[in-house]
Amino acid sequence: MKNSKAEKVYQKRLEKHHDELRWLYMELYDNSSMFAELCDNMKRFYTERNGDLKSSDAERECRPDWYRKNDLLGMMFYIDNFAENMKGVEDRLDYLEQCNVNYIHLMPFLDTPKGRSDGGYAVSDFRKVQEELGSMEDLEELTAACHKKGMHVCMDFVMNHTSEDHEWAKRARQGDGEYMSRYFFFADDTLPSRYEKTVPQVFPTTAPGNFTWLPDAGHYVMTTFYPYQWDLNYKNPRVFNEMMYNFLYLANRGIDIIRIDAVPYIWKELDTPCRNLPQVHTIVRMMRMIGEIVCPGILLLGEVVMEPEKVAPYFGTVEKAECHMLYNVTTMASTWHTVATRDVRLLKRQLDIVNSLPKDYVFLNYLRCHDDIGWGLDYDILKKEGMEERSHKQYLNDYFLGYAGGSNSRGELYNADPVTGDARFCGTTASMCGIEKAGAEENEDAMETAIQLDVMLHAYMFMQSGIPVLYSGDEIGQVNDYTYKENPDKAADSRYIHRGKMDWTLAERSSDADAVEGKLFGRLKLLGEIRKREKVFVSNAETWTVETGQRSVLGMARSFGEEMLIGLFNFSESGQTVRLPGMDGVYTDLVSGGKTDLAEVTMPAYGFYYLKAGK
Ligand code: GLC
């Protein structure tokens, strides 16, 4: 009886998507027996999916907006840095709850070779957890424990490449044609050189070029990222099918959000940049349908770190949806530009673009993540304001290195390209806000200013629609960790500067209102509570920016039903007075509870207000 009900549920989902899935599959692969194999395996993974996950799928299908509210707050961390291993994470769930966090992104934890792992993004076995972190059973236990507490779990699905230690790669290296065809192998450099003409570099300094010569195999292999990360060839249907089985296997371990790593790169064509090609969208669309058939409670989060016009297409369309969520990457980069210039014009324009997108689009908002910050800004606009790309990037890097523009930031460059002169930036939020420098100089006034900037940036980030995600340690103001330089496996990659170990001794001070950690923790916690409590923060609220008449003050507004909220954010280290004449009436500051009139608002250095209309 129960089985036949489950059978019907599955059939209904399959029928909904079957024809389109088949059509797209045949368009790409023209291989009906491989398609039949895919269908058989989808059914198998559905049958194997446990009852709790199936109930949660059914419930989420009834509430497709479940992730579009204002109640999700994320935190990302490396398991070992945060709590040694998976069991340790389980023991720390209470801490996460104290932070109001109900979405955790477990950074890559699958098997990966030591010293050739790219922070875990070189997977050697998609079905094995790194031994020191635990096992698949521990993962299932952890996801179940999270679900009990109403928390969601995100993991990376690194589908563009495998580690050179993956079973397929080992066989390919030995010259097995079946496995070589799962990668891009070339006997000489004719084609690699042609690719190099149109394919840009991701790691120009740490891993130049897009191909690696394998002397033992006598072949070149395509390696867009590090030489030990071999690009998979999705023209081969075996690769697509097997990777979909890995995706479903992981989904069945209780994962709620699958972060599709480096997704724009997964399809390669000669004489193209090998990024964002139409076939990438076909694959993501198929993945979305496969998920909706087998495990519809799952969300796909696309890692599309590209120029703005390339990002939104990964949402797909209403009828042909692709990713559920995408990173708000241009907004993130524009935020730091605003910190360095104290000029909100570019950020305001960027927010206007995001605000004009359909409300169904959910963005993941963040101030920084485990990767570097690339200066992908709208340079056409900046040019009109007299800023040239090259010199502006130089200014931003100098600013955040602490050399220019009255900066108090600390951090390091990343992949400074000697040819293009381009460089990206690494640092924790706290260090970039001046907390590291103020601490080292024992300067209390500077520390207060730095904390104020850090909190203001979070308040502004929380005011955007979507899901805010913190990097673990930012909630207590953890600063840069320079110890990576002593580790030969990490020394060349400055991203490790902002991937330090969670300092639990510092975290103990999170309830001490006089300590730096307590000041940040308490204020961020309050902001999280306000965001969750006030309906006006829901994702489908109306959102717009407000002209404040002050170059360094950003004005944002949200309205939902009868409620309206004005947010004012001062990106300058001097006090500002803002006049918003048309907006009469009494407003209540949600943070202090104080009342104010928008006819004239005085703002302290790096101050902010969440002003709600009415009493
Ligand atoms: C993504 C990850 C990054 C990694 C790269 C290659 O961009 O965020 O950390 O280096 O993919 O997998």
# chains A, B, ... in the order shown; residues from 1 in each chain; ligands from 1
>>> closest_atom_pairs(of="chain A", to="ligand 1", cutoff="8 Å", atoms="only C-alpha atoms and all ligand atoms", output="Markdown table")
| residue | atom | partner | partner_atom_place_in_ligand_line | distance |
| --- | --- | --- | --- | --- |
| A:Asp118 | CA | ligand 1 | 10 (O) | 5.7 |
| A:Gly119 | CA | ligand 1 | 9 (O) | 6.5 |
| A:Tyr121 | CA | ligand 1 | 12 (O) | 4.5 |
| A:Ala122 | CA | ligand 1 | 12 (O) | 6.6 |
| A:Val158 | CA | ligand 1 | 12 (O) | 6.3 |
| A:Asn160 | CA | ligand 1 | 12 (O) | 7.4 |
| A:His161 | CA | ligand 1 | 12 (O) | 7.4 |
| A:Phe225 | CA | ligand 1 | 6 (C) | 5.8 |
| A:Tyr226 | CA | ligand 1 | 6 (C) | 7.8 |
| A:Gln229 | CA | ligand 1 | 12 (O) | 7.7 |
| A:Asp261 | CA | ligand 1 | 1 (C) | 5.3 |
| A:Ala262 | CA | ligand 1 | 11 (O) | 4.8 |
| A:Glu303 | CA | ligand 1 | 7 (O) | 7.0 |
| A:Val305 | CA | ligand 1 | 7 (O) | 7.6 |
| A:His370 | CA | ligand 1 | 9 (O) | 6.6 |
| A:Asp371 | CA | ligand 1 | 9 (O) | 5.4 |
>>> residues_around(residues="range 268-281 of chain A", least_positions_apart="3", cutoff="7 Å", atoms="only C-alpha atoms", output="list in words")
Tyr195, Thr198, Val199, Pro200, Pro264, Tyr265, Val284, Arg285 and Tyr314 of chain A
>>> select_by_dssp(residues="range 9-104 of chain A", states="strand (DSSP E or B)", output="short mmCIF file (atom, residue, chain, number, x, y, z; two decimals) with all heavy atoms, in the first residue's frame")
data_model
loop_
_atom_site.label_atom_id
_atom_site.label_comp_id
_atom_site.auth_asym_id
_atom_site.auth_seq_id
_atom_site.Cartn_x
_atom_site.Cartn_y
_atom_site.Cartn_z
N GLY A 74 22.78 31.71 7.01
CA GLY A 74 23.78 30.66 6.77
C GLY A 74 25.12 30.95 7.41
O GLY A 74 25.46 32.09 7.74
N MET A 75 25.88 29.87 7.56
CA MET A 75 27.29 30.01 7.95
C MET A 75 28.07 28.93 7.22
O MET A 75 27.60 27.80 7.10
CB MET A 75 27.46 29.85 9.45
CG MET A 75 28.89 30.12 9.89
SD MET A 75 29.11 30.02 11.66
CE MET A 75 28.56 31.64 12.20
N MET A 76 29.23 29.30 6.71
CA MET A 76 30.06 28.31 6.01
C MET A 76 31.35 28.08 6.79
O MET A 76 31.89 29.00 7.40
CB MET A 76 30.37 28.80 4.60
CG MET A 76 31.06 30.14 4.52
SD MET A 76 31.11 30.80 2.83
CE MET A 76 32.11 29.58 2.02
N PHE A 77 31.80 26.83 6.78
CA PHE A 77 33.06 26.54 7.47
C PHE A 77 33.67 25.24 6.99
O PHE A 77 32.98 24.36 6.49
CB PHE A 77 32.86 26.47 9.00
CG PHE A 77 31.73 25.57 9.45
CD1 PHE A 77 31.87 24.20 9.49
CD2 PHE A 77 30.51 26.13 9.84
CE1 PHE A 77 30.83 23.39 9.93
CE2 PHE A 77 29.45 25.32 10.25
CZ PHE A 77 29.61 23.94 10.30
N TYR A 103 21.42 27.30 8.56
CA TYR A 103 21.85 26.77 7.26
C TYR A 103 23.36 26.68 7.36
O TYR A 103 24.02 27.70 7.62
CB TYR A 103 21.38 27.76 6.20
CG TYR A 103 22.04 27.78 4.84
CD1 TYR A 103 21.28 28.07 3.71
CD2 TYR A 103 23.39 27.56 4.64
CE1 TYR A 103 21.84 28.13 2.44
CE2 TYR A 103 23.97 27.61 3.39
CZ TYR A 103 23.19 27.90 2.30
OH TYR A 103 23.76 27.97 1.05
N ILE A 104 23.90 25.48 7.27
CA ILE A 104 25.36 25.38 7.34
C ILE A 104 25.92 24.83 6.03
O ILE A 104 25.39 23.89 5.47
CB ILE A 104 25.87 24.53 8.53
CG1 ILE A 104 25.23 23.13 8.57
CG2 ILE A 104 25.63 25.25 9.85
CD1 ILE A 104 25.84 22.22 9.63
#
>>> closest_atom_pairs(of="range 208-315 of chain A", to="range 327-337 of chain A", cutoff="10 Å", atoms="only C-alpha atoms", output="tab-separated table")
residue	atom	partner	partner_atom	distance
A:Leu301	CA	A:Tyr327	CA	7.8
A:Gly302	CA	A:Tyr327	CA	7.2
A:Glu303	CA	A:Tyr327	CA	6.4
A:Val304	CA	A:Tyr327	CA	6.8
A:Val305	CA	A:Val329	CA	6.3
A:Met306	CA	A:Val329	CA	7.8
A:Glu307	CA	A:Thr330	CA	7.2
A:Pro308	CA	A:Thr330	CA	6.4
A:Val311	CA	A:Tyr327	CA	8.5
A:Ala312	CA	A:Asn328	CA	9.7
>>> residues_around(residues="range 137-150 of chain A", least_positions_apart="4", cutoff="12 Å", atoms="only C-alpha atoms", output="compact mmCIF listing (two decimals) with all heavy atoms, in the first residue's frame")
# COMPACT_ATOMS: atom_id res chain seq x y z
N ARG A 49 16.03 6.37 -1.18
CA ARG A 49 15.94 7.59 -0.36
C ARG A 49 15.12 7.30 0.90
O ARG A 49 14.03 6.71 0.80
CB ARG A 49 15.30 8.71 -1.20
CG ARG A 49 15.41 10.09 -0.61
CD ARG A 49 15.19 11.13 -1.69
NE ARG A 49 15.03 12.48 -1.16
CZ ARG A 49 16.06 13.26 -0.79
NH1 ARG A 49 17.29 12.82 -0.88
NH2 ARG A 49 15.83 14.48 -0.32
N ASN A 50 15.61 7.74 2.06
CA ASN A 50 14.91 7.32 3.28
C ASN A 50 13.61 8.09 3.51
O ASN A 50 13.35 9.15 2.94
CB ASN A 50 15.86 7.33 4.50
CG ASN A 50 16.06 8.72 5.07
OD1 ASN A 50 15.15 9.54 5.09
ND2 ASN A 50 17.27 8.97 5.55
N GLY A 51 12.77 7.49 4.36
CA GLY A 51 11.42 8.00 4.59
C GLY A 51 11.38 9.44 5.07
O GLY A 51 10.55 10.23 4.61
N ASP A 52 12.31 9.80 5.98
CA ASP A 52 12.29 11.17 6.51
C ASP A 52 12.56 12.17 5.38
O ASP A 52 11.92 13.23 5.30
CB ASP A 52 13.38 11.34 7.57
CG ASP A 52 13.00 10.64 8.85
OD1 ASP A 52 11.82 10.24 8.97
OD2 ASP A 52 13.88 10.46 9.72
N LEU A 53 13.52 11.83 4.53
CA LEU A 53 13.85 12.75 3.44
C LEU A 53 12.68 12.84 2.45
O LEU A 53 12.37 13.92 1.94
CB LEU A 53 15.14 12.32 2.73
CG LEU A 53 16.40 12.32 3.60
CD1 LEU A 53 17.60 11.81 2.82
CD2 LEU A 53 16.70 13.73 4.12
N SER A 56 10.13 15.09 3.89
CA SER A 56 10.54 16.49 3.78
C SER A 56 10.41 16.97 2.33
O SER A 56 9.98 18.11 2.08
CB SER A 56 11.94 16.62 4.35
OG SER A 56 12.70 17.52 3.66
N ASP A 71 13.80 33.76 7.14
CA ASP A 71 14.20 33.03 8.35
C ASP A 71 15.47 32.21 8.18
O ASP A 71 15.87 31.50 9.08
CB ASP A 71 13.04 32.13 8.82
CG ASP A 71 12.57 31.18 7.73
OD1 ASP A 71 13.02 31.34 6.57
OD2 ASP A 71 11.76 30.29 8.01
N LEU A 72 16.10 32.30 7.01
CA LEU A 72 17.33 31.52 6.84
C LEU A 72 18.56 32.41 7.01
O LEU A 72 18.64 33.49 6.44
CB LEU A 72 17.37 30.87 5.46
CG LEU A 72 16.40 29.70 5.21
CD1 LEU A 72 16.57 29.16 3.80
CD2 LEU A 72 16.63 28.57 6.22
N LEU A 73 19.48 31.92 7.81
CA LEU A 73 20.76 32.60 7.97
C LEU A 73 21.84 31.52 7.89
O LEU A 73 21.77 30.52 8.62
CB LEU A 73 20.83 33.33 9.32
CG LEU A 73 22.19 33.96 9.66
CD1 LEU A 73 22.61 35.01 8.65
CD2 LEU A 73 22.14 34.60 11.05
N ILE A 79 35.11 21.85 8.10
CA ILE A 79 34.78 21.03 9.26
C ILE A 79 35.94 20.96 10.25
O ILE A 79 35.75 21.13 11.45
CB ILE A 79 34.35 19.62 8.79
CG1 ILE A 79 33.05 19.73 8.00
CG2 ILE A 79 34.22 18.65 9.95
CD1 ILE A 79 32.60 18.46 7.32
N ASN A 85 36.02 17.46 13.41
CA ASN A 85 35.42 16.44 12.54
C ASN A 85 33.88 16.54 12.57
O ASN A 85 33.34 17.43 13.23
CB ASN A 85 35.90 15.05 12.95
CG ASN A 85 35.66 14.79 14.43
OD1 ASN A 85 34.67 15.27 14.99
ND2 ASN A 85 36.56 14.07 15.06
N MET A 86 33.22 15.63 11.86
CA MET A 86 31.76 15.72 11.75
C MET A 86 31.07 15.60 13.11
O MET A 86 30.11 16.30 13.39
CB MET A 86 31.26 14.63 10.82
CG MET A 86 31.71 14.89 9.40
SD MET A 86 30.51 14.37 8.22
CE MET A 86 31.33 14.84 6.71
N LYS A 87 31.59 14.70 13.93
CA LYS A 87 31.00 14.54 15.28
C LYS A 87 31.13 15.85 16.05
O LYS A 87 30.22 16.26 16.78
CB LYS A 87 31.72 13.43 16.03
CG LYS A 87 31.43 12.03 15.50
CD LYS A 87 30.58 11.25 16.50
CE LYS A 87 30.37 9.81 16.08
NZ LYS A 87 29.34 9.65 15.05
N GLY A 88 32.28 16.49 15.87
CA GLY A 88 32.52 17.76 16.54
C GLY A 88 31.50 18.81 16.11
O GLY A 88 31.02 19.62 16.91
N VAL A 89 31.15 18.80 14.82
CA VAL A 89 30.16 19.77 14.33
C VAL A 89 28.83 19.52 15.04
O VAL A 89 28.16 20.46 15.48
CB VAL A 89 29.97 19.67 12.79
CG1 VAL A 89 28.87 20.62 12.32
CG2 VAL A 89 31.28 19.97 12.06
N GLU A 90 28.50 18.24 15.18
CA GLU A 90 27.25 17.91 15.85
C GLU A 90 27.24 18.49 17.28
O GLU A 90 26.23 19.01 17.74
CB GLU A 90 27.13 16.38 15.91
CG GLU A 90 25.74 15.89 15.56
CD GLU A 90 25.68 14.37 15.57
OE1 GLU A 90 26.47 13.74 14.82
OE2 GLU A 90 24.86 13.84 16.33
N ASP A 91 28.40 18.41 17.93
CA ASP A 91 28.49 18.95 19.29
C ASP A 91 28.40 20.47 19.32
O ASP A 91 28.17 21.05 20.38
CB ASP A 91 29.82 18.54 19.93
CG ASP A 91 29.89 17.04 20.15
OD1 ASP A 91 28.81 16.40 20.17
OD2 ASP A 91 31.01 16.50 20.25
N ARG A 92 28.65 21.10 18.17
CA ARG A 92 28.64 22.57 18.15
C ARG A 92 27.33 23.14 17.59
O ARG A 92 27.25 24.35 17.33
CB ARG A 92 29.80 23.10 17.30
CG ARG A 92 31.17 22.84 17.85
CD ARG A 92 31.49 23.75 19.00
NE ARG A 92 32.86 23.56 19.47
CZ ARG A 92 33.34 24.09 20.58
NH1 ARG A 92 32.57 24.86 21.33
NH2 ARG A 92 34.58 23.87 20.96
N LEU A 93 26.34 22.30 17.38
CA LEU A 93 25.09 22.83 16.79
C LEU A 93 24.45 23.88 17.70
O LEU A 93 23.82 24.82 17.22
CB LEU A 93 24.11 21.70 16.48
CG LEU A 93 24.53 20.72 15.37
CD1 LEU A 93 23.44 19.70 15.10
CD2 LEU A 93 24.90 21.45 14.08
N ASP A 94 24.65 23.72 19.01
CA ASP A 94 24.06 24.71 19.93
C ASP A 94 24.67 26.09 19.71
O ASP A 94 23.99 27.10 19.76
CB ASP A 94 24.28 24.30 21.39
CG ASP A 94 23.45 23.07 21.72
OD1 ASP A 94 22.54 22.74 20.92
OD2 ASP A 94 23.72 22.44 22.76
N LEU A 96 25.84 27.19 16.93
CA LEU A 96 25.28 27.72 15.68
C LEU A 96 23.88 28.27 15.93
O LEU A 96 23.51 29.31 15.39
CB LEU A 96 25.26 26.63 14.61
CG LEU A 96 26.66 26.17 14.17
CD1 LEU A 96 26.58 24.91 13.33
CD2 LEU A 96 27.35 27.29 13.38
N GLU A 97 23.14 27.58 16.76
CA GLU A 97 21.79 28.08 17.09
C GLU A 97 21.86 29.43 17.79
O GLU A 97 21.07 30.32 17.53
CB GLU A 97 21.06 27.07 17.98
CG GLU A 97 20.34 26.01 17.18
CD GLU A 97 19.50 25.09 18.04
OE1 GLU A 97 19.98 24.72 19.14
OE2 GLU A 97 18.39 24.75 17.61
N ASN A 100 21.93 32.14 15.61
CA ASN A 100 20.71 32.20 14.76
C ASN A 100 20.91 31.52 13.41
O ASN A 100 20.14 31.75 12.48
CB ASN A 100 20.28 33.65 14.47
CG ASN A 100 19.56 34.26 15.63
OD1 ASN A 100 18.71 33.62 16.21
ND2 ASN A 100 19.93 35.48 15.96
N VAL A 101 21.97 30.74 13.31
CA VAL A 101 22.29 30.10 12.04
C VAL A 101 21.44 28.84 11.87
O VAL A 101 21.38 28.01 12.78
CB VAL A 101 23.80 29.76 11.98
CG1 VAL A 101 24.11 28.74 10.89
CG2 VAL A 101 24.60 31.04 11.76
N ASN A 102 20.78 28.72 10.73
CA ASN A 102 19.99 27.51 10.48
C ASN A 102 20.26 26.94 9.09
O ASN A 102 19.44 26.22 8.52
CB ASN A 102 18.49 27.77 10.69
CG ASN A 102 18.02 28.99 9.91
OD1 ASN A 102 18.79 29.55 9.12
ND2 ASN A 102 16.79 29.39 10.12
N TYR A 103 21.42 27.30 8.56
CA TYR A 103 21.85 26.77 7.26
C TYR A 103 23.36 26.68 7.36
O TYR A 103 24.02 27.70 7.62
CB TYR A 103 21.38 27.76 6.20
CG TYR A 103 22.04 27.78 4.84
CD1 TYR A 103 21.28 28.07 3.71
CD2 TYR A 103 23.39 27.56 4.64
CE1 TYR A 103 21.84 28.13 2.44
CE2 TYR A 103 23.97 27.61 3.39
CZ TYR A 103 23.19 27.90 2.30
OH TYR A 103 23.76 27.97 1.05
N ILE A 104 23.90 25.48 7.27
CA ILE A 104 25.36 25.38 7.34
C ILE A 104 25.92 24.83 6.03
O ILE A 104 25.39 23.89 5.47
CB ILE A 104 25.87 24.53 8.53
CG1 ILE A 104 25.23 23.13 8.57
CG2 ILE A 104 25.63 25.25 9.85
CD1 ILE A 104 25.84 22.22 9.63
N HIS A 105 26.96 25.49 5.56
CA HIS A 105 27.65 25.02 4.37
C HIS A 105 28.92 24.33 4.85
O HIS A 105 29.83 24.99 5.35
CB HIS A 105 27.96 26.21 3.45
CG HIS A 105 28.77 25.85 2.24
ND1 HIS A 105 29.15 26.77 1.29
CD2 HIS A 105 29.27 24.67 1.80
CE1 HIS A 105 29.85 26.18 0.34
NE2 HIS A 105 29.94 24.90 0.64
N LEU A 106 28.93 22.99 4.72
CA LEU A 106 30.12 22.23 5.07
C LEU A 106 31.05 22.30 3.87
O LEU A 106 30.75 21.76 2.81
CB LEU A 106 29.75 20.77 5.35
CG LEU A 106 28.68 20.52 6.42
CD1 LEU A 106 28.30 19.04 6.44
CD2 LEU A 106 29.18 20.96 7.79
N PHE A 109 34.44 18.10 1.93
CA PHE A 109 34.87 17.11 2.93
C PHE A 109 35.06 15.73 2.32
O PHE A 109 35.31 14.77 3.01
CB PHE A 109 33.83 17.03 4.07
CG PHE A 109 32.42 16.77 3.60
CD1 PHE A 109 32.02 15.50 3.22
CD2 PHE A 109 31.49 17.81 3.55
CE1 PHE A 109 30.73 15.26 2.78
CE2 PHE A 109 30.19 17.58 3.10
CZ PHE A 109 29.81 16.29 2.72
N LEU A 110 34.93 15.62 0.98
CA LEU A 110 35.11 14.31 0.36
C LEU A 110 36.60 14.01 0.20
O LEU A 110 37.44 14.92 0.30
CB LEU A 110 34.38 14.27 -0.99
CG LEU A 110 32.85 14.38 -0.88
CD1 LEU A 110 32.21 14.46 -2.26
CD2 LEU A 110 32.25 13.22 -0.08
N ARG A 127 32.26 9.27 -3.04
CA ARG A 127 31.43 8.51 -2.09
C ARG A 127 32.18 8.21 -0.80
O ARG A 127 31.84 7.29 -0.08
CB ARG A 127 30.98 7.22 -2.75
CG ARG A 127 30.36 7.49 -4.12
CD ARG A 127 29.05 6.85 -4.30
NE ARG A 127 28.50 7.20 -5.60
CZ ARG A 127 27.58 6.51 -6.20
NH1 ARG A 127 27.09 5.46 -5.62
NH2 ARG A 127 27.11 6.90 -7.38
N LYS A 128 33.24 8.97 -0.57
CA LYS A 128 34.02 8.72 0.65
C LYS A 128 34.36 10.05 1.33
O LYS A 128 34.81 10.99 0.68
CB LYS A 128 35.30 7.97 0.28
CG LYS A 128 36.12 7.55 1.45
CD LYS A 128 37.16 6.49 1.06
CE LYS A 128 37.96 6.07 2.27
NZ LYS A 128 39.13 6.88 2.52
N VAL A 129 34.14 10.07 2.64
CA VAL A 129 34.48 11.26 3.43
C VAL A 129 35.96 11.17 3.81
O VAL A 129 36.47 10.08 4.05
CB VAL A 129 33.59 11.28 4.71
CG1 VAL A 129 34.03 12.38 5.67
CG2 VAL A 129 32.12 11.45 4.33
N GLN A 130 36.64 12.29 3.86
CA GLN A 130 38.05 12.30 4.31
C GLN A 130 38.12 11.63 5.67
O GLN A 130 37.36 12.02 6.58
CB GLN A 130 38.56 13.73 4.44
CG GLN A 130 38.77 14.46 3.15
CD GLN A 130 38.91 15.97 3.37
OE1 GLN A 130 39.50 16.41 4.34
NE2 GLN A 130 38.35 16.75 2.46
N GLU A 131 39.03 10.68 5.80
CA GLU A 131 39.04 9.86 7.02
C GLU A 131 39.08 10.66 8.32
O GLU A 131 38.35 10.37 9.26
CB GLU A 131 40.21 8.89 6.99
CG GLU A 131 39.73 7.47 6.75
CD GLU A 131 40.78 6.59 6.10
OE1 GLU A 131 41.96 6.72 6.50
OE2 GLU A 131 40.41 5.81 5.20
N GLU A 132 39.90 11.72 8.34
CA GLU A 132 40.03 12.43 9.61
C GLU A 132 38.76 13.23 9.96
O GLU A 132 38.60 13.69 11.09
CB GLU A 132 41.28 13.30 9.67
CG GLU A 132 41.64 14.24 8.58
CD GLU A 132 42.00 13.66 7.21
OE1 GLU A 132 41.83 12.45 6.93
OE2 GLU A 132 42.42 14.48 6.38
N LEU A 133 37.84 13.36 8.99
CA LEU A 133 36.62 14.10 9.28
C LEU A 133 35.47 13.19 9.67
O LEU A 133 34.48 13.63 10.27
CB LEU A 133 36.20 14.94 8.06
CG LEU A 133 37.22 15.96 7.56
CD1 LEU A 133 36.67 16.72 6.37
CD2 LEU A 133 37.58 16.93 8.68
N CYS A 154 24.32 22.34 3.48
CA CYS A 154 24.78 22.56 2.10
C CYS A 154 26.14 21.88 1.93
O CYS A 154 26.95 21.87 2.86
CB CYS A 154 24.91 24.07 1.89
SG CYS A 154 25.72 24.57 0.36
N MET A 155 26.38 21.32 0.77
CA MET A 155 27.71 20.80 0.45
C MET A 155 28.08 21.12 -0.99
O MET A 155 27.20 21.42 -1.81
CB MET A 155 27.80 19.29 0.68
CG MET A 155 27.20 18.45 -0.41
SD MET A 155 27.56 16.67 -0.21
CE MET A 155 29.27 16.58 -0.74
N TYR A 249 23.43 10.26 -4.96
CA TYR A 249 23.95 9.52 -3.81
C TYR A 249 24.17 10.50 -2.64
O TYR A 249 23.76 10.25 -1.50
CB TYR A 249 25.28 8.84 -4.18
CG TYR A 249 25.99 8.25 -3.00
CD1 TYR A 249 25.68 6.97 -2.53
CD2 TYR A 249 26.97 8.99 -2.32
CE1 TYR A 249 26.32 6.44 -1.42
CE2 TYR A 249 27.61 8.46 -1.21
CZ TYR A 249 27.28 7.19 -0.77
OH TYR A 249 27.92 6.68 0.34
N LEU A 250 24.77 11.64 -2.94
CA LEU A 250 25.05 12.62 -1.88
C LEU A 250 23.76 13.25 -1.37
O LEU A 250 23.58 13.44 -0.16
CB LEU A 250 26.02 13.69 -2.40
CG LEU A 250 27.43 13.14 -2.72
CD1 LEU A 250 28.23 14.13 -3.55
CD2 LEU A 250 28.18 12.80 -1.42
N ALA A 251 22.84 13.51 -2.29
CA ALA A 251 21.54 14.07 -1.88
C ALA A 251 20.87 13.12 -0.88
O ALA A 251 20.30 13.56 0.12
CB ALA A 251 20.65 14.25 -3.10
N ASN A 252 21.01 11.85 -1.13
CA ASN A 252 20.38 10.87 -0.24
C ASN A 252 21.03 10.76 1.13
O ASN A 252 20.51 10.09 2.01
CB ASN A 252 20.35 9.49 -0.91
CG ASN A 252 19.16 9.37 -1.86
OD1 ASN A 252 18.34 10.28 -1.96
ND2 ASN A 252 19.07 8.25 -2.55
N ARG A 253 22.16 11.40 1.32
CA ARG A 253 22.79 11.40 2.64
C ARG A 253 22.15 12.49 3.51
O ARG A 253 22.58 12.70 4.62
CB ARG A 253 24.32 11.62 2.56
CG ARG A 253 25.04 10.70 1.59
CD ARG A 253 25.30 9.30 2.09
NE ARG A 253 24.25 8.33 2.21
CZ ARG A 253 23.66 7.63 1.20
NH1 ARG A 253 23.97 7.84 -0.03
NH2 ARG A 253 22.74 6.72 1.45
N GLY A 254 21.19 13.22 2.96
CA GLY A 254 20.48 14.21 3.76
C GLY A 254 20.90 15.65 3.47
O GLY A 254 20.60 16.56 4.24
N ILE A 255 21.56 15.85 2.35
CA ILE A 255 21.98 17.21 1.98
C ILE A 255 20.76 17.99 1.47
O ILE A 255 19.94 17.46 0.74
CB ILE A 255 23.06 17.14 0.87
CG1 ILE A 255 24.28 16.34 1.34
CG2 ILE A 255 23.46 18.52 0.37
CD1 ILE A 255 25.01 16.91 2.54
N ASP A 256 20.66 19.25 1.89
CA ASP A 256 19.52 20.07 1.46
C ASP A 256 19.88 20.99 0.30
O ASP A 256 19.04 21.31 -0.53
CB ASP A 256 19.04 20.97 2.62
CG ASP A 256 18.64 20.16 3.83
OD1 ASP A 256 17.51 19.71 3.87
OD2 ASP A 256 19.49 19.96 4.73
N ILE A 257 21.12 21.46 0.31
CA ILE A 257 21.53 22.42 -0.72
C ILE A 257 22.81 21.92 -1.38
O ILE A 257 23.81 21.66 -0.69
CB ILE A 257 21.78 23.83 -0.11
CG1 ILE A 257 20.48 24.33 0.53
CG2 ILE A 257 22.25 24.83 -1.17
CD1 ILE A 257 20.64 24.76 1.94
>>> closest_residue(among="A:Tyr610, A:Phe247, A:Trp168, A:Phe35", to="Ile260 in chain A", atoms="only C-alpha atoms")
A:Phe247
>>> residues_around(residues="Leu611 in chain A", least_positions_apart="4", cutoff="9 Å", atoms="only C-alpha atoms", output="number ranges by chain")
A: 564-568, 587-591, 595-596
>>> closest_residue(among="A:Ala36, A:Ala492, A:Val344, A:Leu364", to="Ser539 in chain A", atoms="only C-alpha atoms")
A:Leu364
>>> closest_residue(among="A:Cys99, A:Leu214, A:Leu232, A:Leu506", to="Glu529 in chain A", atoms="only C-alpha atoms")
A:Cys99
>>> residues_around(residues="range 12-14 of chain A", least_positions_apart="3", cutoff="8 Å", atoms="only C-alpha atoms", output="list of chain:residue names")
A:Lys8, A:Val9, A:His17, A:His18, A:Glu292, A:Ile293
>>> residues_around(residues="Arg288 in chain A", least_positions_apart="2", cutoff="10 Å", atoms="only C-alpha atoms", output="count of residues only")
21
>>> select_by_dssp(residues="range 405-451 of chain A", states="helix (DSSP H, G or I)", output="PyMOL selection string")
chain A and resi 429-433+435-440+444-451
>>> atom_distance(atom1="CA of Tyr460 in chain A", atom2="CA of Gly427 in chain A")
19.5 Å
>>> decode(residues="range 38-42 of chain A", atoms="N, CA and C atoms", output="tab-separated table (two decimals), in the first residue's frame")
chain	number	residue	atom	x	y	z
A	38	LEU	N	19.97	6.10	-17.22
A	38	LEU	CA	19.79	7.23	-16.29
A	38	LEU	C	18.44	7.10	-15.57
A	39	CYS	N	17.39	6.79	-16.35
A	39	CYS	CA	16.06	6.69	-15.76
A	39	CYS	C	16.00	5.56	-14.73
A	40	ASP	N	16.60	4.44	-15.06
A	40	ASP	CA	16.60	3.31	-14.11
A	40	ASP	C	17.28	3.71	-12.81
A	41	ASN	N	18.38	4.42	-12.96
A	41	ASN	CA	19.11	4.80	-11.75
A	41	ASN	C	18.39	5.87	-10.94
A	42	MET	N	17.68	6.76	-11.63
A	42	MET	CA	16.91	7.77	-10.87
A	42	MET	C	15.91	7.04	-9.98
